[in-house]
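Enquirer: Below is the file target.txt, with compact mmCIF, C-alpha atoms and all ligand atoms.
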```txt
# COMPACT_ATOMS: atom_id res chain seq x y z
CA MET X 1 7.14 -28.71 -11.35
CA ALA X 2 6.97 -32.18 -9.91
CA ASN X 3 3.43 -32.85 -11.08
CA LYS X 4 1.42 -30.54 -13.28
CA GLU X 5 -0.89 -33.03 -14.92
CA SER X 6 -4.43 -31.74 -15.44
CA SER X 7 -5.86 -34.24 -12.94
CA TYR X 8 -3.44 -33.08 -10.21
CA VAL X 9 -4.44 -29.41 -10.71
CA GLN X 10 -8.12 -30.42 -11.02
CA ASP X 11 -7.95 -32.15 -7.60
CA ILE X 12 -6.43 -29.07 -6.00
CA PHE X 13 -9.20 -26.79 -7.31
CA ASN X 14 -11.95 -29.20 -6.36
CA ARG X 15 -10.53 -29.34 -2.82
CA ILE X 16 -10.24 -25.57 -2.39
CA SER X 17 -13.45 -24.66 -4.24
CA HIS X 18 -15.58 -24.01 -1.12
CA LYS X 19 -13.06 -21.46 0.19
CA TYR X 20 -11.74 -20.19 -3.17
CA ASP X 21 -13.58 -16.84 -3.38
CA PHE X 22 -13.21 -16.13 0.32
CA LEU X 23 -9.44 -16.72 0.31
CA ASN X 24 -8.96 -14.89 -3.00
CA ASN X 25 -10.61 -11.79 -1.57
CA LEU X 26 -8.78 -12.05 1.73
CA LEU X 27 -5.31 -12.80 0.38
CA SER X 28 -5.38 -10.22 -2.41
CA PHE X 29 -7.13 -7.64 -0.19
CA GLY X 30 -9.85 -7.64 -2.86
CA LEU X 31 -7.38 -6.43 -5.50
CA HIS X 32 -7.98 -9.38 -7.82
CA ASN X 33 -11.37 -7.81 -8.62
CA LEU X 34 -9.69 -4.59 -9.78
CA TRP X 35 -7.18 -6.48 -11.93
CA LYS X 36 -9.96 -8.52 -13.53
CA ARG X 37 -11.89 -5.34 -14.29
CA LYS X 38 -8.75 -3.87 -15.79
CA LEU X 39 -8.35 -6.88 -18.05
CA VAL X 40 -11.94 -6.54 -19.24
CA LYS X 41 -11.39 -2.83 -19.88
CA LEU X 42 -8.32 -3.59 -21.98
CA LEU X 43 -10.11 -6.31 -23.95
CA LYS X 44 -13.16 -4.13 -24.68
CA PRO X 45 -15.84 -6.80 -25.24
CA VAL X 46 -18.92 -5.34 -26.94
CA ASP X 47 -22.55 -6.28 -27.35
CA GLY X 48 -23.07 -9.18 -29.74
CA GLU X 49 -19.63 -10.76 -29.37
CA ASN X 50 -18.94 -14.37 -28.42
CA TRP X 51 -16.38 -14.87 -25.66
CA ALA X 52 -14.76 -17.78 -23.84
CA ASP X 53 -13.52 -17.56 -20.25
CA LEU X 54 -11.10 -20.47 -20.05
CA CYS X 55 -10.19 -21.89 -16.61
CA CYS X 56 -13.14 -19.80 -15.37
CA GLY X 57 -13.17 -21.07 -11.76
CA THR X 58 -16.07 -19.43 -9.93
CA GLY X 59 -16.83 -17.29 -12.98
CA ASP X 60 -15.60 -13.76 -12.12
CA MET X 61 -14.46 -12.99 -15.67
CA SER X 62 -17.51 -14.61 -17.30
CA ILE X 63 -19.80 -12.44 -15.18
CA LEU X 64 -17.85 -9.23 -15.90
CA ILE X 65 -17.82 -9.95 -19.64
CA SER X 66 -21.51 -10.89 -19.69
CA HIS X 67 -22.37 -7.30 -18.74
CA ARG X 68 -20.52 -6.02 -21.80
CA ILE X 69 -21.72 -8.45 -24.45
CA SER X 70 -25.40 -8.52 -23.43
CA PRO X 71 -28.05 -8.81 -24.69
CA SER X 72 -27.06 -10.43 -27.97
CA GLY X 73 -23.60 -11.87 -27.25
CA SER X 74 -22.54 -14.97 -25.31
CA VAL X 75 -19.89 -16.15 -22.87
CA VAL X 76 -18.87 -19.71 -22.22
CA GLY X 77 -17.03 -20.40 -18.99
CA VAL X 78 -14.90 -23.56 -19.15
CA ASP X 79 -13.30 -25.36 -16.22
CA ASN X 80 -12.35 -28.98 -15.64
CA ALA X 81 -12.97 -28.88 -11.86
CA SER X 82 -16.66 -29.67 -11.39
CA GLU X 83 -16.86 -28.39 -7.78
CA ILE X 84 -15.58 -24.92 -8.61
CA LEU X 85 -17.79 -24.74 -11.69
CA SER X 86 -20.86 -25.57 -9.63
CA ILE X 87 -20.13 -22.48 -7.53
CA ALA X 88 -20.01 -20.40 -10.74
CA ARG X 89 -23.38 -21.83 -11.80
CA LEU X 90 -24.91 -21.04 -8.42
CA ARG X 91 -23.62 -17.47 -8.45
CA VAL X 92 -25.24 -16.77 -11.81
CA GLU X 93 -28.47 -18.45 -10.72
CA LYS X 94 -28.58 -16.06 -7.76
CA LYS X 95 -27.89 -13.03 -9.95
CA ARG X 96 -30.35 -14.09 -12.60
CA LYS X 97 -32.85 -11.46 -11.55
CA LYS X 98 -30.21 -8.76 -12.06
CA LEU X 99 -29.98 -9.06 -15.83
CA ILE X 100 -27.33 -11.79 -16.23
CA SER X 101 -29.28 -14.62 -17.72
CA ASN X 102 -28.27 -18.20 -18.28
CA LYS X 103 -28.89 -17.51 -21.95
CA VAL X 104 -25.84 -15.24 -22.02
CA ILE X 105 -23.48 -17.39 -19.93
CA LYS X 106 -23.01 -21.11 -20.51
CA TRP X 107 -20.78 -23.37 -18.44
CA GLU X 108 -18.75 -26.30 -19.69
CA ASN X 109 -17.10 -28.75 -17.37
CA LYS X 110 -14.18 -29.85 -19.49
CA ASP X 111 -10.45 -29.66 -19.93
CA ILE X 112 -9.58 -26.74 -22.17
CA PHE X 113 -7.34 -29.07 -24.19
CA ASP X 114 -10.43 -31.11 -25.05
CA ILE X 115 -12.29 -28.19 -26.65
CA ASP X 116 -12.74 -28.78 -30.34
CA HIS X 117 -10.83 -25.99 -32.08
CA THR X 118 -11.48 -26.90 -35.67
CA VAL X 119 -13.67 -23.82 -36.01
CA ASN X 120 -12.54 -20.35 -34.99
CA VAL X 121 -15.57 -19.30 -33.05
CA PHE X 122 -14.68 -16.64 -30.53
CA ASP X 123 -14.28 -12.88 -30.88
CA GLY X 124 -12.40 -12.97 -27.61
CA VAL X 125 -10.88 -15.35 -25.06
CA CYS X 126 -9.81 -14.54 -21.53
CA MET X 127 -8.02 -16.49 -18.84
CA SER X 128 -7.39 -15.21 -15.36
CA TYR X 129 -4.94 -17.17 -13.23
CA GLY X 130 -5.36 -20.12 -15.58
CA LEU X 131 -2.42 -20.14 -17.99
CA ARG X 132 0.13 -20.76 -15.20
CA ASN X 133 -1.85 -23.80 -14.11
CA LEU X 134 -1.90 -25.54 -17.47
CA LYS X 135 0.28 -28.58 -18.04
CA ASP X 136 1.82 -26.80 -21.05
CA VAL X 137 1.66 -23.01 -21.43
CA GLU X 138 2.60 -23.05 -25.12
CA GLN X 139 -0.09 -25.60 -25.95
CA GLY X 140 -2.56 -23.48 -23.99
CA LEU X 141 -1.72 -20.37 -26.03
CA GLU X 142 -1.91 -22.42 -29.22
CA LYS X 143 -5.36 -23.63 -28.23
CA VAL X 144 -6.48 -20.03 -27.71
CA PHE X 145 -5.05 -19.07 -31.12
CA PHE X 146 -7.17 -21.71 -32.87
CA LEU X 147 -10.30 -20.83 -30.89
CA LEU X 148 -10.15 -17.19 -31.96
CA LYS X 149 -11.64 -15.76 -35.11
CA GLU X 150 -9.33 -13.83 -37.41
CA ARG X 151 -8.47 -10.58 -35.60
CA GLY X 152 -9.92 -11.98 -32.37
CA ARG X 153 -8.29 -10.87 -29.12
CA ALA X 154 -7.22 -12.61 -25.96
CA GLY X 155 -6.12 -11.51 -22.51
CA PHE X 156 -4.42 -13.37 -19.68
CA LEU X 157 -4.08 -12.16 -16.11
CA ASP X 158 -1.68 -14.00 -13.85
CA PHE X 159 1.18 -13.73 -11.39
CA ASN X 160 4.17 -12.13 -13.05
CA HIS X 161 7.35 -14.20 -13.09
CA SER X 162 10.05 -11.61 -12.49
CA SER X 163 13.77 -12.36 -12.45
CA ASP X 164 14.90 -14.21 -9.33
CA LYS X 165 17.07 -11.40 -7.99
CA SER X 166 14.52 -8.59 -8.40
CA LEU X 167 12.77 -6.88 -5.53
CA ALA X 168 9.41 -7.87 -7.06
CA SER X 169 10.38 -11.53 -6.90
CA LEU X 170 11.60 -11.20 -3.30
CA PHE X 171 8.37 -9.49 -2.27
CA GLN X 172 6.33 -12.15 -4.08
CA LYS X 173 8.15 -14.97 -2.23
CA ILE X 174 7.72 -13.27 1.14
CA TYR X 175 4.04 -12.64 0.47
CA LEU X 176 3.40 -16.22 -0.65
CA ARG X 177 5.43 -17.88 2.12
CA PHE X 178 4.50 -15.65 5.05
CA VAL X 179 0.98 -14.50 4.18
CA VAL X 180 -0.70 -16.85 1.70
CA VAL X 181 0.48 -20.23 3.00
CA PRO X 182 0.05 -19.49 6.75
CA PHE X 183 -3.44 -18.03 6.19
CA SER X 184 -4.55 -20.91 4.02
CA LYS X 185 -3.21 -23.33 6.67
CA ILE X 186 -5.81 -21.92 9.05
CA PHE X 187 -8.38 -23.40 6.67
CA SER X 188 -6.38 -26.64 6.27
CA LEU X 189 -5.43 -25.69 2.71
CA GLY X 190 -1.72 -24.93 3.25
CA SER X 191 -0.35 -27.58 0.90
CA GLU X 192 -2.82 -26.56 -1.84
CA TYR X 193 -1.73 -22.90 -1.67
CA SER X 194 1.99 -23.65 -1.39
CA TYR X 195 1.56 -24.91 -4.98
CA ILE X 196 1.34 -21.26 -6.18
CA GLU X 197 5.03 -20.47 -5.62
CA GLN X 198 6.02 -23.66 -7.43
CA SER X 199 3.76 -22.81 -10.38
CA ILE X 200 5.18 -19.26 -10.75
CA ARG X 201 8.73 -20.68 -10.87
CA ASP X 202 7.81 -22.73 -13.95
CA PHE X 203 5.80 -19.94 -15.60
CA PRO X 204 7.49 -18.01 -18.46
CA ASP X 205 8.22 -14.32 -17.84
CA GLY X 206 6.57 -11.57 -19.92
CA ILE X 207 9.26 -11.50 -22.61
CA LYS X 208 9.10 -15.26 -23.03
CA LEU X 209 5.29 -15.20 -23.19
CA ILE X 210 5.49 -12.63 -26.00
CA GLN X 211 8.08 -14.75 -27.85
CA ILE X 212 5.95 -17.89 -27.56
CA SER X 213 2.82 -16.02 -28.71
CA LYS X 214 4.55 -14.55 -31.77
CA ARG X 215 5.96 -17.98 -32.66
CA ILE X 216 2.43 -19.41 -32.55
CA GLY X 217 1.28 -16.75 -35.00
CA PHE X 218 -0.43 -14.00 -32.99
CA SER X 219 -0.11 -10.76 -34.95
CA SER X 220 0.35 -8.67 -31.83
CA ALA X 221 1.49 -9.47 -28.30
CA GLU X 222 2.07 -7.10 -25.39
CA TYR X 223 2.70 -7.58 -21.72
CA LYS X 224 1.93 -5.18 -18.88
CA THR X 225 2.87 -5.58 -15.24
CA LEU X 226 0.68 -4.57 -12.30
CA LEU X 227 1.42 -3.74 -8.66
CA GLY X 228 5.17 -3.27 -9.05
CA GLY X 229 5.61 -6.44 -11.05
CA GLN X 230 3.54 -8.77 -8.86
CA MET X 231 0.97 -9.50 -11.56
CA GLY X 232 1.01 -9.38 -15.34
CA ILE X 233 -1.42 -9.07 -18.23
CA LEU X 234 -0.66 -10.62 -21.61
CA LEU X 235 -2.71 -9.14 -24.47
CA LEU X 236 -2.84 -10.91 -27.81
CA LYS X 237 -4.41 -10.39 -31.21
CA ARG X 238 -4.81 -13.11 -33.74
C1 LIG J 301 -6.47 -20.14 -10.04
S1 LIG J 301 -7.98 -20.72 -10.69
C2 LIG J 301 -8.57 -19.29 -11.54
C3 LIG J 301 -10.06 -19.23 -11.57
C4 LIG J 301 -10.65 -17.94 -12.12
N1 LIG J 301 -10.34 -17.76 -13.51
C5 LIG J 301 -10.22 -16.75 -11.33
O1 LIG J 301 -9.48 -15.90 -11.85
O2 LIG J 301 -10.59 -16.66 -10.15
C6 LIG J 301 -7.48 -21.75 -12.02
C7 LIG J 301 -8.62 -22.54 -12.61
O3 LIG J 301 -8.14 -23.21 -13.76
C8 LIG J 301 -8.77 -24.47 -13.85
N2 LIG J 301 -7.97 -25.31 -14.73
C9 LIG J 301 -6.66 -25.63 -14.62
N3 LIG J 301 -6.26 -26.39 -15.66
C10 LIG J 301 -7.35 -26.53 -16.46
C11 LIG J 301 -7.57 -27.20 -17.69
N4 LIG J 301 -6.59 -27.89 -18.30
N5 LIG J 301 -8.81 -27.14 -18.26
C12 LIG J 301 -9.81 -26.46 -17.64
N6 LIG J 301 -9.66 -25.82 -16.44
C13 LIG J 301 -8.43 -25.84 -15.87
C14 LIG J 301 -8.83 -24.91 -12.39
O4 LIG J 301 -9.79 -25.92 -12.17
C15 LIG J 301 -9.17 -23.60 -11.68
O5 LIG J 301 -10.54 -23.43 -11.51
```
Since I need it in another form, could you write the structure as structure tokens?
Expert:
Amino acid sequence: MANKESSYVQDIFNRISHKYDFLNNLLSFGLHNLWKRKLVKLLKPVDGENWADLCCGTGDMSILISHRISPSGSVVGVDNASEILSIARLRVEKKRKKLISNKVIKWENKDIFDIDHTVNVFDGVCMSYGLRNLKDVEQGLEKVFFLLKERGRAGFLDFNHSSDKSLASLFQKIYLRFVVVPFSKIFSLGSEYSYIEQSIRDFPDGIKLIQISKRIGFSSAEYKTLLGGQMGILLLKR
């Protein structure tokens, strides 16, 4: 990718923050909610655990996990784009009356690479549509490894990078070029969303993600595809 520095990605997400949830729902036909729920189901967070939702955006995963780890657990949602994080904060404020309290979810506006990982503090870490956006995927997975307690688990939901000649890859390109970009252009966000195709091209495929994770030291790594290979879930255990 031409430019994948944190500040470049941060600018994109600050710019699209006001339309992020709306376009996510529209462009995925609401399916991203199902995939996020699936990830939570696979990760099985339980009451009393401490979780981190890295690259949390508007906080979908943090909110889903908060229901599982309440009342005695905690979730910290981390994102370096302040605009998108302020939407997450506002959402939880609004839902405060419905059980999710600010005591359970905390927000941190910082780069995930700046989190101090000298102590293994989390029972679980999740990242939805974040790993692909990091300046270095391997360093991102390494960071997660050090943040997890022994036997902690992590799950990553993202676009699946399938081989260039596969039908899944062809469908993905058509969908991104002829649905996602034109629709986002209507909201003057075409260039921001054309970044997705570029980011998938540089993203390791499932086999590579497993290899990288094992090299880092995760004791178990598995990869599942969703929707005919359009999306993928990487599940890791420390
Ligand atoms: C595609 S959004 C995903 C948001 C949310 N997790 C979801 O699934 O809707 C990617 C998010 O990652 C954040 N991000 C990218 N690189 C980051 C980094 N190095 N540190 C913290 N946040 C980062 C962006 O600001 C953005 O909010």
Enquirer: Pick out the closest residue to Ile212 (chain X) from this set: X:Leu141, X:Leu23, X:Ile105, X:Leu34. Count only C-alpha atoms.
Expert: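 Ranked by minimum distance to Ile212 (chain X), first place goes to X:Leu141.
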Enquirer: Give the answer as one residue: which of X:Leu27, X:Ile16, X:Leu39, X:Cys56 has the shortest atom-to-atom distance to ligand LIG 301 (chain J), using all atoms listed in the file?
Expert: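 Comparing X:Leu27, X:Ile16, X:Leu39, X:Cys56 against ligand LIG 301 (chain J), the winner is X:Cys56.
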Enquirer: Mind pulling up the distance from CA of Ser17 (chain X) to CA of Ile84 (chain X)?
Expert: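 Here the two named atoms are 4.9 Å from each other.
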Enquirer: Could I get the residue neighbourhood of ligand LIG 301 (chain J) at 9 Å, counting all atoms listed in the file, as a count of residues only?
Expert: 55
Enquirer: I'd like the interatomic distance between CA of Asp202 (chain X) and CA of Ser169 (chain X), to a tenth of an Å.
Expert: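 Atom-to-atom, CA of Asp202 (chain X) and CA of Ser169 (chain X) are spaced 13.5 Å apart.
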Enquirer: With only C-alpha atoms as the atoms that count, which of X:Leu43, X:Leu167, X:Ile115, X:Leu176 lies nearest to Gln198 (chain X)?
Expert: X:Leu176
Enquirer: Between CA of Leu42 (chain X) and CA of Leu235 (chain X), what is the distance in Å, rounded to a tenth?
Expert: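 Rounded to one decimal, the two atoms are 8.3 Å apart.
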Enquirer: Would you please work out which residue, of X:Ile63, X:Val125, X:Leu147, X:Val75, is nearest to Arg91 (chain X) when using all atoms listed in the file?
Expert: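 With all atoms listed in the file as the atom set, the closest residue is X:Ile63.
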Enquirer: Can you work out which one of X:Ser74, X:Ser199, X:Ser194, X:Ser28 has the shortest atom-to-atom distance to Val121 (chain X), counting only C-alpha atoms?
Expert: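 Residue with the minimum atom-to-atom distance to Val121 (chain X): X:Ser74.
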Enquirer: Could you work out an axis-aligned bounding box for all listed atoms of region 69-84 of chain X, with 5 Å added on each of the six sides, and give its centre and edge lengths in Å to one decimal, as AutoDock Vina command-line options?
Expert:
```
--center_x -20.2 --center_y -19.1 --center_z -17.9 --size_x 25.7 --size_y 31.2 --size_z 30.2
```
Enquirer: Give the answer as one residue: which of X:Ile210, X:His18, X:Trp35, X:Glu197 has the shortest atom-to-atom distance to Ile87 (chain X), using only C-alpha atoms?
Expert: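 Answer, going by the shortest atom-to-atom distance: X:His18.
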Enquirer: May I have the residues within 6 Å of Phe122 (chain X) as a ChimeraX atom specification, using all atoms listed in the file and disregarding those fewer than 6 positions away in the same chain?
Expert: /X:50-51,148-149
Enquirer: Within 10 Å of Arg201 (chain X), counting all atoms listed in the file, which residues qualify if same-chain residues fewer than 6 places away don't, as a list in words?
Expert: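 Listing them by chain and then by number gives Met1, Arg132, Asn160, His161, Ser162, Ser163 and Asp164 of chain X.
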Enquirer: Go ahead and dump the residues you just picked, C-alpha atoms, as a PDB file, keeping the file's coordinate frame.
Expert:
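Contents of again_1.pdb, as written:
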```
ATOM      1  CA  MET X   1       7.140 -28.710 -11.350  1.00  0.00           C
ATOM      2  CA  ARG X 132       0.130 -20.760 -15.200  1.00  0.00           C
ATOM      3  CA  ASN X 160       4.170 -12.130 -13.050  1.00  0.00           C
ATOM      4  CA  HIS X 161       7.350 -14.200 -13.090  1.00  0.00           C
ATOM      5  CA  SER X 162      10.050 -11.610 -12.490  1.00  0.00           C
ATOM      6  CA  SER X 163      13.770 -12.360 -12.450  1.00  0.00           C
ATOM      7  CA  ASP X 164      14.900 -14.210  -9.330  1.00  0.00           C
TER       8      ASP X 164
END
```
